[in-house]
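Text of structure_33.cif, listed as mmCIF, C-alpha atoms; chains and numbers go by the auth columns:
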```cif
data_entry
#
loop_
_atom_site.group_PDB
_atom_site.id
_atom_site.type_symbol
_atom_site.label_atom_id
_atom_site.label_comp_id
_atom_site.label_asym_id
_atom_site.label_seq_id
_atom_site.Cartn_x
_atom_site.Cartn_y
_atom_site.Cartn_z
_atom_site.B_iso_or_equiv
_atom_site.auth_seq_id
_atom_site.auth_asym_id
ATOM 1 C CA MET A 1 247.810 -145.880 171.639 0.00 23 A
ATOM 2 C CA GLU A 2 244.751 -145.599 169.489 0.00 24 A
ATOM 3 C CA ASN A 3 243.341 -148.870 170.934 0.00 25 A
ATOM 4 C CA LYS A 4 242.934 -147.381 174.368 0.00 26 A
ATOM 5 C CA PRO A 5 240.461 -144.614 173.421 0.00 27 A
ATOM 6 C CA VAL A 6 238.467 -147.039 171.238 0.00 28 A
ATOM 7 C CA GLN A 7 238.477 -149.554 174.058 0.00 29 A
ATOM 8 C CA ALA A 8 237.487 -146.820 176.539 0.00 30 A
ATOM 9 C CA GLN A 9 234.624 -145.804 174.238 0.00 31 A
ATOM 10 C CA GLU A 10 233.463 -149.443 173.984 0.00 32 A
ATOM 11 C CA CYS A 11 233.666 -149.797 177.774 0.00 33 A
ATOM 12 C CA TYR A 12 231.689 -146.592 178.186 0.00 34 A
ATOM 13 C CA GLU A 13 228.990 -147.785 175.759 0.00 35 A
ATOM 14 C CA HIS A 14 228.843 -151.162 177.474 0.00 36 A
ATOM 15 C CA HIS A 15 228.691 -149.424 180.857 0.00 37 A
ATOM 16 C CA MET A 16 225.839 -147.196 179.697 0.00 38 A
ATOM 17 C CA LEU A 17 223.998 -150.220 178.268 0.00 39 A
ATOM 18 C CA LEU A 18 224.336 -152.046 181.588 0.00 40 A
ATOM 19 C CA LYS A 19 223.313 -148.887 183.471 0.00 41 A
ATOM 20 C CA GLY A 20 220.179 -148.603 181.317 0.00 42 A
ATOM 21 C CA GLN A 21 219.303 -152.229 181.961 0.00 43 A
ATOM 22 C CA LEU A 22 219.855 -151.786 185.706 0.00 44 A
ATOM 23 C CA ASP A 23 217.652 -148.677 185.646 0.00 45 A
ATOM 24 C CA ARG A 24 214.905 -150.632 183.838 0.00 46 A
ATOM 25 C CA ILE A 25 215.167 -153.466 186.403 0.00 47 A
ATOM 26 C CA ASN A 26 215.131 -150.939 189.247 0.00 48 A
ATOM 27 C CA ARG A 27 212.034 -149.193 187.821 0.00 49 A
ATOM 28 C CA PHE A 28 210.327 -152.541 187.269 0.00 50 A
ATOM 29 C CA LEU A 29 211.001 -153.789 190.782 0.00 51 A
ATOM 30 C CA PHE A 30 210.751 -150.636 192.872 0.00 52 A
ATOM 31 C CA ASN A 31 208.790 -148.015 190.883 0.00 53 A
ATOM 32 C CA ASP A 32 209.385 -145.503 188.147 0.00 54 A
ATOM 33 C CA PRO A 33 209.769 -141.926 189.417 0.00 55 A
ATOM 34 C CA ASP A 34 208.538 -140.671 186.032 0.00 56 A
ATOM 35 C CA HIS A 35 205.295 -142.685 186.376 0.00 57 A
ATOM 36 C CA PRO A 36 204.342 -142.646 190.076 0.00 58 A
ATOM 37 C CA ASP A 37 200.831 -143.942 189.364 0.00 59 A
ATOM 38 C CA ASP A 38 202.149 -147.284 188.134 0.00 60 A
ATOM 39 C CA LEU A 39 202.662 -149.879 190.841 0.00 61 A
ATOM 40 C CA ALA A 40 205.984 -151.655 191.106 0.00 62 A
ATOM 41 C CA ILE A 41 206.055 -155.445 190.914 0.00 63 A
ATOM 42 C CA THR A 42 207.173 -155.724 194.562 0.00 64 A
ATOM 43 C CA THR A 43 204.175 -153.640 195.645 0.00 65 A
ATOM 44 C CA LYS A 44 201.874 -155.838 193.574 0.00 66 A
ATOM 45 C CA VAL A 45 203.362 -158.990 195.092 0.00 67 A
ATOM 46 C CA ASN A 46 203.005 -157.554 198.607 0.00 68 A
ATOM 47 C CA LEU A 47 199.367 -156.656 197.906 0.00 69 A
ATOM 48 C CA MET A 48 198.629 -160.123 196.540 0.00 70 A
ATOM 49 C CA PHE A 49 200.328 -161.716 199.550 0.00 71 A
ATOM 50 C CA ASN A 50 198.258 -159.594 201.940 0.00 72 A
ATOM 51 C CA VAL A 51 195.077 -160.458 200.052 0.00 73 A
ATOM 52 C CA LEU A 52 195.947 -164.165 200.230 0.00 74 A
ATOM 53 C CA LEU A 53 196.585 -163.857 203.980 0.00 75 A
ATOM 54 C CA GLU A 54 193.198 -162.185 204.406 0.00 76 A
ATOM 55 C CA ILE A 55 191.509 -164.899 202.337 0.00 77 A
ATOM 56 C CA LYS A 56 193.233 -167.508 204.505 0.00 78 A
ATOM 57 C CA ARG A 57 191.981 -165.803 207.685 0.00 79 A
ATOM 58 C CA TRP A 58 188.434 -165.666 206.305 0.00 80 A
ATOM 59 C CA ALA A 59 188.609 -169.302 205.211 0.00 81 A
ATOM 60 C CA ILE A 60 189.823 -170.465 208.621 0.00 82 A
ATOM 61 C CA GLY A 61 187.124 -168.376 210.287 0.00 83 A
ATOM 62 C CA ALA A 62 184.500 -169.828 207.954 0.00 84 A
ATOM 63 C CA VAL A 63 185.612 -173.386 208.730 0.00 85 A
ATOM 64 C CA PHE A 64 185.420 -172.800 212.482 0.00 86 A
ATOM 65 C CA THR A 65 182.072 -171.013 212.125 0.00 87 A
ATOM 66 C CA PHE A 66 180.709 -173.900 210.067 0.00 88 A
ATOM 67 C CA ALA A 67 181.984 -176.422 212.624 0.00 89 A
ATOM 68 C CA GLY A 68 180.377 -174.393 215.420 0.00 90 A
ATOM 69 C CA CYS A 69 177.071 -174.318 213.548 0.00 91 A
ATOM 70 C CA LEU A 70 177.219 -178.084 213.044 0.00 92 A
ATOM 71 C CA ILE A 71 177.879 -178.646 216.751 0.00 93 A
ATOM 72 C CA PHE A 72 175.052 -176.257 217.682 0.00 94 A
ATOM 73 C CA LEU A 73 172.616 -177.931 215.289 0.00 95 A
ATOM 74 C CA GLY A 74 173.720 -181.390 216.423 0.00 96 A
ATOM 75 C CA SER A 75 172.997 -180.549 220.050 0.00 97 A
ATOM 76 C CA HIS A 76 169.564 -179.209 219.145 0.00 98 A
ATOM 77 C CA PHE A 77 168.765 -182.279 217.029 0.00 99 A
ATOM 78 C CA THR A 78 169.753 -184.467 219.978 0.00 100 A
ATOM 79 C CA LYS A 79 167.442 -182.483 222.249 0.00 101 A
ATOM 80 C CA MET A 80 164.637 -182.854 219.703 0.00 102 A
ATOM 81 C CA ASP A 81 165.221 -186.615 219.509 0.00 103 A
ATOM 82 C CA ASN A 82 165.112 -186.909 223.300 0.00 104 A
ATOM 83 C CA LEU A 83 161.902 -184.867 223.437 0.00 105 A
ATOM 84 C CA ALA A 84 160.358 -187.030 220.705 0.00 106 A
ATOM 85 C CA ILE A 85 161.205 -190.200 222.661 0.00 107 A
ATOM 86 C CA LYS A 86 159.695 -188.746 225.852 0.00 108 A
ATOM 87 C CA LEU A 87 156.581 -187.642 223.977 0.00 109 A
ATOM 88 C CA ASP A 88 156.170 -191.110 222.452 0.00 110 A
ATOM 89 C CA GLU A 89 156.429 -192.685 225.899 0.00 111 A
ATOM 90 C CA HIS A 90 153.903 -190.213 227.296 0.00 112 A
ATOM 91 C CA ILE A 91 151.499 -190.883 224.425 0.00 113 A
ATOM 92 C CA LYS A 92 151.793 -194.658 224.972 0.00 114 A
ATOM 93 C CA GLN A 93 151.159 -194.235 228.707 0.00 115 A
ATOM 94 C CA THR A 94 148.175 -191.998 227.998 0.00 116 A
ATOM 95 C CA ASP A 95 146.806 -194.512 225.478 0.00 117 A
ATOM 96 C CA ASN A 96 147.230 -197.292 228.040 0.00 118 A
ATOM 97 C CA ARG A 97 145.411 -195.185 230.673 0.00 119 A
ATOM 98 C CA ILE A 98 142.598 -194.367 228.244 0.00 120 A
ATOM 99 C CA ILE A 99 142.242 -198.039 227.362 0.00 121 A
ATOM 100 C CA SER A 100 142.252 -198.919 231.063 0.00 122 A
ATOM 101 C CA ILE A 101 139.642 -196.248 231.839 0.00 123 A
ATOM 102 C CA ASP A 102 137.593 -197.326 228.827 0.00 124 A
ATOM 103 C CA LYS A 103 137.640 -200.932 230.080 0.00 125 A
ATOM 104 C CA ARG A 104 136.565 -199.796 233.528 0.00 126 A
ATOM 105 C CA VAL A 105 133.732 -197.707 232.096 0.00 127 A
ATOM 106 C CA THR A 106 132.645 -200.630 229.944 0.00 128 A
ATOM 107 C CA ASN A 107 132.733 -202.969 232.962 0.00 129 A
ATOM 108 C CA LEU A 108 130.783 -200.416 234.991 0.00 130 A
ATOM 109 C CA GLU A 109 128.207 -200.023 232.227 0.00 131 A
ATOM 110 C CA ASN A 110 127.855 -203.784 231.986 0.00 132 A
ATOM 111 C CA TYR A 111 127.479 -204.066 235.752 0.00 133 A
ATOM 112 C CA ILE A 112 124.856 -201.301 235.850 0.00 134 A
ATOM 113 C CA TYR A 113 123.041 -202.736 232.842 0.00 135 A
ATOM 114 C CA LYS A 114 122.995 -206.208 234.396 0.00 136 A
ATOM 115 C CA LYS A 115 121.850 -204.799 237.741 0.00 137 A
ATOM 116 C CA ASN A 116 118.982 -202.935 236.095 0.00 138 A
ATOM 117 C CA MET A 117 117.999 -205.987 234.132 0.00 139 A
ATOM 118 C CA ARG A 118 117.308 -207.955 237.307 0.00 140 A
#
```
Let's see the structure in the file written out as structure tokens.
Amino acid sequence: MENKPVQAQECYEHHMLLKGQLDRINRFLFNDPDHPDDLAITTKVNLMFNVLLEIKRWAIGAVFTFAGCLIFLGSHFTKMDNLAIKLDEHIKQTDNRIISIDKRVTNLENYIYKKNMR
């Protein structure tokens, strides 16, 4: 008969030990009512997850913004290349016209000079 109270006392001590450990786990995971300023681990994990989601959103936005800038710049560089080609063609045509006019003026000067020499 004496074994039962000793065994009951051991069970009670073991129960209280387990209860204390469960309370510590509960406070660690979900918050300690005695220390409300401390954040629980689940709250910290949720905050980190939300921060990572926000970083992911910003990163995706940055990638698309960068791609948009590259497309915009590429279109403007293409326009600049086309304008440069057109300007080169215009300059060549103008040079050819100037040379042609210069030849005509030279021929006219020679003709007038020869006519006055007679």
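Checking A:Glu131, A:Leu95, A:Tyr34, A:Arg49 one by one against Leu61 in chain A, counting all atoms listed in the file, you find the shortest gap at A:Arg49.
Separating CA of Asn48 in chain A from CA of Asp60 in chain A is a distance of 13.5 Å.
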Q. Between CA of Leu92 in chain A and CA of Lys108 in chain A, what is the spacing in Å?
A. 24.2 Å
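For the atom pair formed by CA of Val67 in chain A and CA of Arg46 in chain A, the distance is 18.2 Å, given to one decimal.
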Mind giving me the axis-aligned box for range 43-61 of chain A with 3 Å on every side, centre plus edges in Å to one decimal, as lines of an AutoDock Vina configuration file?
```
center_x = 210.3
center_y = -147.2
center_z = 187.4
size_x = 25.0
size_y = 19.1
size_z = 16.9
```
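Using only C-alpha atoms, the shortest contact distance between Asn68 in chain A and any of A:Leu51, A:Ala81, A:Ile120, A:Leu40 is found at A:Leu51.
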